[in-house]
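Have a look at the structure below before the remarks.
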Amino acid sequence: MNQHVKTSKLLVDFALGDLSPEAKIDIRAHLARCSRCADELKRLEALVAGTERIREFSVGPEAVEVAERTVLSAVKNQQVKEPTSGPIISPESIWRMTMSNRRMKLAGMAAIVIVVLGGVTFWPSDSPGNGQWWLGSPAVWGKEIIAEMERIETLVHREQAVFVGRYGDTHVSGNWSRVYEAADRSREDKYYENTDESTFGDNSPDSVLVEVTWKVPDGKDLKAYHVSHEHKCYTIETTEGGAYKRDPMKMLRWYVGLMDRADRVLDTKIFDGRECVGFEIDTSKYGSNPKGRTDRIWFDVETKLPVRIEKHGLPVTDSPGQTFTFIDDRFEYYAKIPVDKFVPKIPDGYINASTHEVRAAKDKQQKGDMPYADVPEGLRDEVAAALSHVVTATYRERFGFMRGERWLYSDGSKLYIAPQAWREDHYSGERVNKTDFFVTDKEDWGKTSFDFNDQKFKLTQTTVDFNDRNYRVVTHGSKSHPNNPMDRIIRIASMLNRADHFWDREMVNGVECFGFELSAKKYGSNPDTHKHRMWFDKLTKLPVKTEFAWVQSEGPRRKICEHFQWNPAFGVETFVPEIPEDFTVKDPN
Amino acid sequence: MLNTAVRILGDLDMAQDVHQEVFLAIWKRWHKYNGRTNWNAYLYRVTVRKAIELARQSRFEQSLPRQTGCIAGGQKVDGPLRTAELQARLAEHLARLPKRQAEVFVLSRIEGLDAGQIADVLDCSPKTVRVHLHRAVKRLARELGDYLSE
């Protein structure tokens, strides 16, 4: 990148005073020679100075008085029109409370409801006129609900998962279960449905029953029968002395008991045609859960019984950056479960083997022998842990092809990676001939996957072509968008345990590394000629080089990523497309 | 809130409209709020958004706005007039910016919040804030270029 383009990017930071003294010296040196940049800086600084003058501006006391009178008058008029709206306390008393609170005054926030609600989580449960029992003390309504639950002896409910991608985009799992629970036995029916993400469930004709698990007492023992209809096999396991009187409502009662520690009450929502009120709680408040994970419990406004439990932010083992939300819903209380539901049935012809064994045998039949290397125990977890601390990265990528006996490589590209944005500079020699910027827009994203609004997801790709002197902007939605390149690197690294070959020591680009090779046929239906290799720094456990090799009709090909820098600091301008003024817009189509 | 609205709009009457509208909106919906709402962030956000929305809807004339009882401390004799003119022009151009860029610009350059505070108000990351600010500043400097060069 030449000095002019580099400087132009930093001028905003210069005007805002966000550059280091050393960087400023470089800029000043350039400005002395470049009138265009000097003029641009002058305009930026004038804007900054002007806004600082505006910031000093404040209204006088008479304007405040007028504003106060106007608001009180408007609120009183509103109360006359709609007597049941608004807080119960009179506007004047609220205003006086607010204005007497110095902190509120200084903040300039005559926040009526802040003072009224400050320190008060719920209204008294006998609060008139609103029927919103959940605003009352959980000690009162919680006891009511728990007392009701103690009469419930059978329960049927549904369990399902929703995967949440790096950007908060969601993908409903095709697997879901219906669970039947009674005092001393249970059954889980696992289904698979090819969801279109708008509908899924037990009534869908596309749901296929793939597995059933019964847990039933046999004298003092507990027997678990697991039948896989997908693989036509079964296992029976016995837990000696494991039979006991279960309590189907134990978990739900426990959740209700947590409600006095809830972080907030959520707006009501409709689930399965019923209006429900939700409570949200940080899971670090119980158990040994990490901070930042959230559970939500939804109660039927009418019956007060739980309708849905969401556990957000659960990690996906092989995909750092991805989480899933576990949902437990469609509770049927006092369910009348036919007795034969709990009678295990093993179809004729099924073999006595675990699904894992049958799957492995099928894989071997279809894909042939797949060697598994001896990988040091715990190494994969160390690699995953190292990668989980990566926030930003840069690396070089190039493609290779064979000409005769030699490998020839393209000039390739340099990638800059951040969690919500990435950029690829494509090189021709030493020169960047094209740059792709990918930036996600997180406007209005909420805290959990179910606050996420697919309609508002936006990944903007801006391609600036320096050869053709044009640029193009494409907006991708949540259903189909390019993926952050780090996702692929992390995914392959997480397959270390499945390596075909592993080696403990090899010098790569001057770094002592360990490495592995993995055939792509071990995931999906890929040919054996597709192979991954990765080398990791023995010290840091972070990738030093990756290679993907495949064969095309024209011959073997390779993609190599190397010269990684982990967690470098980027200037804010790195992912901001800088488009020269004389470039034309190219139609995205 | 009143000061924020006046700084954005440069017009006290319009600012008082925003101020009243924000309070009425809270009053009508207050039963939906709970004790854990971040009121500081919420009120900032609502006030800024309503002011920018009003700027979009209004037809801004180029005449200087009327300001009653205003204080403009420490400025030269023609300072208040020039500031008021900049406010009017800025409001016009803010109304044309993408919504989020306008919000970030106001909270940063006019209200003086840092990236972390703005991220808290707008419920996004500080990095997103910096990107939006960068774009807003560049665009406004370009669009107000002739005026700023005088």
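Convention: chains lettered A, B, ... in structure tokens order; per-chain residue numbering from 1; ligands numbered from 1 as shown.
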
Can you tell me which residues surround region 505-510 of chain A at a distance of at most 9 Å, considering only C-alpha atoms, apart from same-chain residues fewer than 6 positions away, and format the answer as an NGL selection string? :A and (535 or 537-538 or 544-545 or 562-563)

Residues as selected, N, CA, C and O atoms, written as a PDB file, in the first residue's frame, can you do that?
```pdb
ATOM      1  N   TRP A 535       0.311 -27.635  10.586  1.00  0.00           N
ATOM      2  CA  TRP A 535       1.478 -27.597  11.454  1.00  0.00           C
ATOM      3  C   TRP A 535       1.238 -26.572  12.542  1.00  0.00           C
ATOM      4  O   TRP A 535       0.749 -25.469  12.260  1.00  0.00           O
ATOM      5  N   ASP A 537       2.758 -24.553  16.130  1.00  0.00           N
ATOM      6  CA  ASP A 537       3.909 -24.181  16.952  1.00  0.00           C
ATOM      7  C   ASP A 537       3.874 -25.022  18.238  1.00  0.00           C
ATOM      8  O   ASP A 537       2.870 -25.042  18.950  1.00  0.00           O
ATOM      9  N   LYS A 538       4.958 -25.715  18.529  1.00  0.00           N
ATOM     10  CA  LYS A 538       4.980 -26.587  19.701  1.00  0.00           C
ATOM     11  C   LYS A 538       4.792 -25.806  20.997  1.00  0.00           C
ATOM     12  O   LYS A 538       4.279 -26.322  21.975  1.00  0.00           O
ATOM     13  N   VAL A 544       0.875 -22.721  12.312  1.00  0.00           N
ATOM     14  CA  VAL A 544       1.967 -22.031  11.632  1.00  0.00           C
ATOM     15  C   VAL A 544       1.755 -22.133  10.123  1.00  0.00           C
ATOM     16  O   VAL A 544       2.081 -21.219   9.376  1.00  0.00           O
ATOM     17  N   LYS A 545       1.181 -23.233   9.705  1.00  0.00           N
ATOM     18  CA  LYS A 545       0.946 -23.437   8.266  1.00  0.00           C
ATOM     19  C   LYS A 545      -0.182 -24.443   8.106  1.00  0.00           C
ATOM     20  O   LYS A 545      -0.301 -25.380   8.903  1.00  0.00           O
ATOM     21  N   GLU A 562      -0.076 -19.538   5.425  1.00  0.00           N
ATOM     22  CA  GLU A 562       1.092 -19.485   6.310  1.00  0.00           C
ATOM     23  C   GLU A 562       1.397 -18.049   6.696  1.00  0.00           C
ATOM     24  O   GLU A 562       0.639 -17.147   6.365  1.00  0.00           O
ATOM     25  N   HIS A 563       2.526 -17.873   7.377  1.00  0.00           N
ATOM     26  CA  HIS A 563       2.907 -16.547   7.889  1.00  0.00           C
ATOM     27  C   HIS A 563       1.789 -15.959   8.744  1.00  0.00           C
ATOM     28  O   HIS A 563       1.432 -14.801   8.613  1.00  0.00           O
TER      29      HIS A 563
END
```

I'd like the neighbourhood of Glu144 (chain A) as a CSV table (one decimal) with N, CA and C atoms, in the first residue's frame, where a residue qualifies if any of its atoms comes within 12 Å (using only C-alpha atoms), though same-chain residues fewer than 3 positions away should be ignored.
```
chain,number,residue,atom,x,y,z
A,133,TRP,N,-49.2,-10.8,37.5
A,133,TRP,CA,-48.7,-11.5,38.8
A,133,TRP,C,-47.2,-11.6,38.8
A,134,TRP,N,-46.6,-11.6,37.7
A,134,TRP,CA,-45.1,-11.9,37.7
A,134,TRP,C,-44.3,-10.6,38.2
A,137,SER,N,-43.9,-10.4,44.1
A,137,SER,CA,-42.8,-11.1,44.7
A,137,SER,C,-42.7,-12.6,44.3
A,138,PRO,N,-41.6,-13.0,43.8
A,138,PRO,CA,-41.4,-14.4,43.4
A,138,PRO,C,-41.6,-15.3,44.6
A,139,ALA,N,-41.4,-14.8,45.8
A,139,ALA,CA,-41.6,-15.6,47.0
A,139,ALA,C,-43.1,-16.0,47.1
A,140,VAL,N,-43.9,-15.2,46.6
A,140,VAL,CA,-45.4,-15.5,46.7
A,140,VAL,C,-45.8,-16.4,45.6
A,141,TRP,N,-45.6,-15.9,44.3
A,141,TRP,CA,-46.2,-16.7,43.2
A,141,TRP,C,-45.3,-17.9,43.0
A,147,ALA,N,-46.2,-25.5,44.6
A,147,ALA,CA,-47.3,-26.3,45.2
A,147,ALA,C,-48.1,-27.0,44.2
A,148,GLU,N,-48.4,-26.4,43.1
A,148,GLU,CA,-49.1,-27.0,42.0
A,148,GLU,C,-48.3,-28.1,41.4
A,149,MET,N,-47.0,-27.9,41.2
A,149,MET,CA,-46.1,-28.9,40.6
A,149,MET,C,-46.0,-30.2,41.4
A,150,GLU,N,-46.1,-30.0,42.7
A,150,GLU,CA,-45.9,-31.2,43.6
A,150,GLU,C,-47.1,-32.2,43.4
A,151,ARG,N,-48.1,-31.8,42.7
A,151,ARG,CA,-49.2,-32.7,42.4
A,151,ARG,C,-49.0,-33.4,41.1
A,253,ARG,N,-39.1,-27.4,39.1
A,253,ARG,CA,-39.3,-26.8,40.4
A,253,ARG,C,-38.0,-26.0,40.8
A,256,VAL,N,-38.1,-22.7,39.0
A,256,VAL,CA,-39.0,-21.7,39.6
A,256,VAL,C,-38.3,-21.1,40.9
A,257,GLY,N,-37.7,-22.0,41.6
A,257,GLY,CA,-37.0,-21.5,42.8
A,257,GLY,C,-35.9,-20.5,42.6
A,303,THR,N,-51.9,-19.9,33.4
A,303,THR,CA,-51.8,-21.1,34.3
A,303,THR,C,-50.6,-20.9,35.3
A,304,LYS,N,-49.7,-20.0,35.0
A,304,LYS,CA,-48.4,-19.8,35.8
A,304,LYS,C,-47.4,-20.9,35.7
A,305,LEU,N,-47.7,-22.0,34.9
A,305,LEU,CA,-46.8,-23.1,34.8
A,305,LEU,C,-45.7,-22.8,33.8
```

Residues at most 8 Å from Val208 (chain A), counting only C-alpha atoms, excluding those fewer than 4 positions away in the same chain, as a PyMOL selection string? chain A and resi 191-193

Name all residues at most 6 Å from region 91-106 of chain B (count only C-alpha atoms; drop same-chain ones fewer than 2 positions away) and give them as a ChimeraX atom specification. /B:9,55-56,87-89,108-110,132-133,136

Which residue is closest to Asp13 (chain B)? Choose from B:Tyr42, B:Ala51, B:Ile26, B:Cys124 and count only C-alpha atoms. B:Ala51

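Between Val390 (chain A) and the residues A:Val511, A:Leu542, A:Met495, A:Met370, the shortest atom-to-atom distance, using only C-alpha atoms, involves A:Leu542.
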
Between CA of Gly429 (chain A) and CA of Ser413 (chain A), distance in Å (one decimal):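 So the answer is 10.3 Å.
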
Distance in Å - CA of Ser58 (chain A) versus CA of Asp11 (chain B):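 Going from CA of Ser58 (chain A) over to CA of Asp11 (chain B) covers 11.9 Å.
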
Have a look at A:Ala67, A:Leu31, A:Leu19, A:Ala499 and name the one nearest to chain B; count only C-alpha atoms. A:Ala67

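One finds CA of His532 (chain A) at 14.1 Å from CA of Phe399 (chain A).
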
Report as a PyMOL selection string all protein, DNA and RNA residues lying within 12 Å of Thr546 (chain A), evaluated on only C-alpha atoms, omitting residues in the same chain fewer than 5 positions from it. chain A and resi 395-399+486+488-490+492-493+508+513-518+531-537+558-564

Contact residues around Lys50 (chain B) with only C-alpha atoms at 8 Å, ignoring same-chain residues under 4 positions, as a PDB file with N, CA and C atoms, in the first residue's frame:
```
ATOM      1  N   VAL B  18     -39.227  17.058  21.023  1.00  0.00           N
ATOM      2  CA  VAL B  18     -38.575  15.749  21.221  1.00  0.00           C
ATOM      3  C   VAL B  18     -38.640  15.362  22.697  1.00  0.00           C
ATOM      4  N   VAL B  22     -40.542  12.039  24.162  1.00  0.00           N
ATOM      5  CA  VAL B  22     -39.820  10.947  24.845  1.00  0.00           C
ATOM      6  C   VAL B  22     -40.511  10.630  26.168  1.00  0.00           C
ATOM      7  N   VAL B  46     -33.140   6.845  22.925  1.00  0.00           N
ATOM      8  CA  VAL B  46     -34.452   7.296  22.435  1.00  0.00           C
ATOM      9  C   VAL B  46     -34.403   8.770  22.052  1.00  0.00           C
ATOM     10  N   LEU B  54     -36.712  13.565  13.709  1.00  0.00           N
ATOM     11  CA  LEU B  54     -37.372  14.856  13.490  1.00  0.00           C
ATOM     12  C   LEU B  54     -36.596  15.675  12.476  1.00  0.00           C
TER      13      LEU B  54
END
```

Can you list, as a VMD selection string, every protein, DNA or RNA residue that comes within 6 Å of Tyr471 (chain A) when you count only C-alpha atoms, leaving out same-chain residues fewer than 3 positions away? chain A and resid 463 to 465 585 to 586
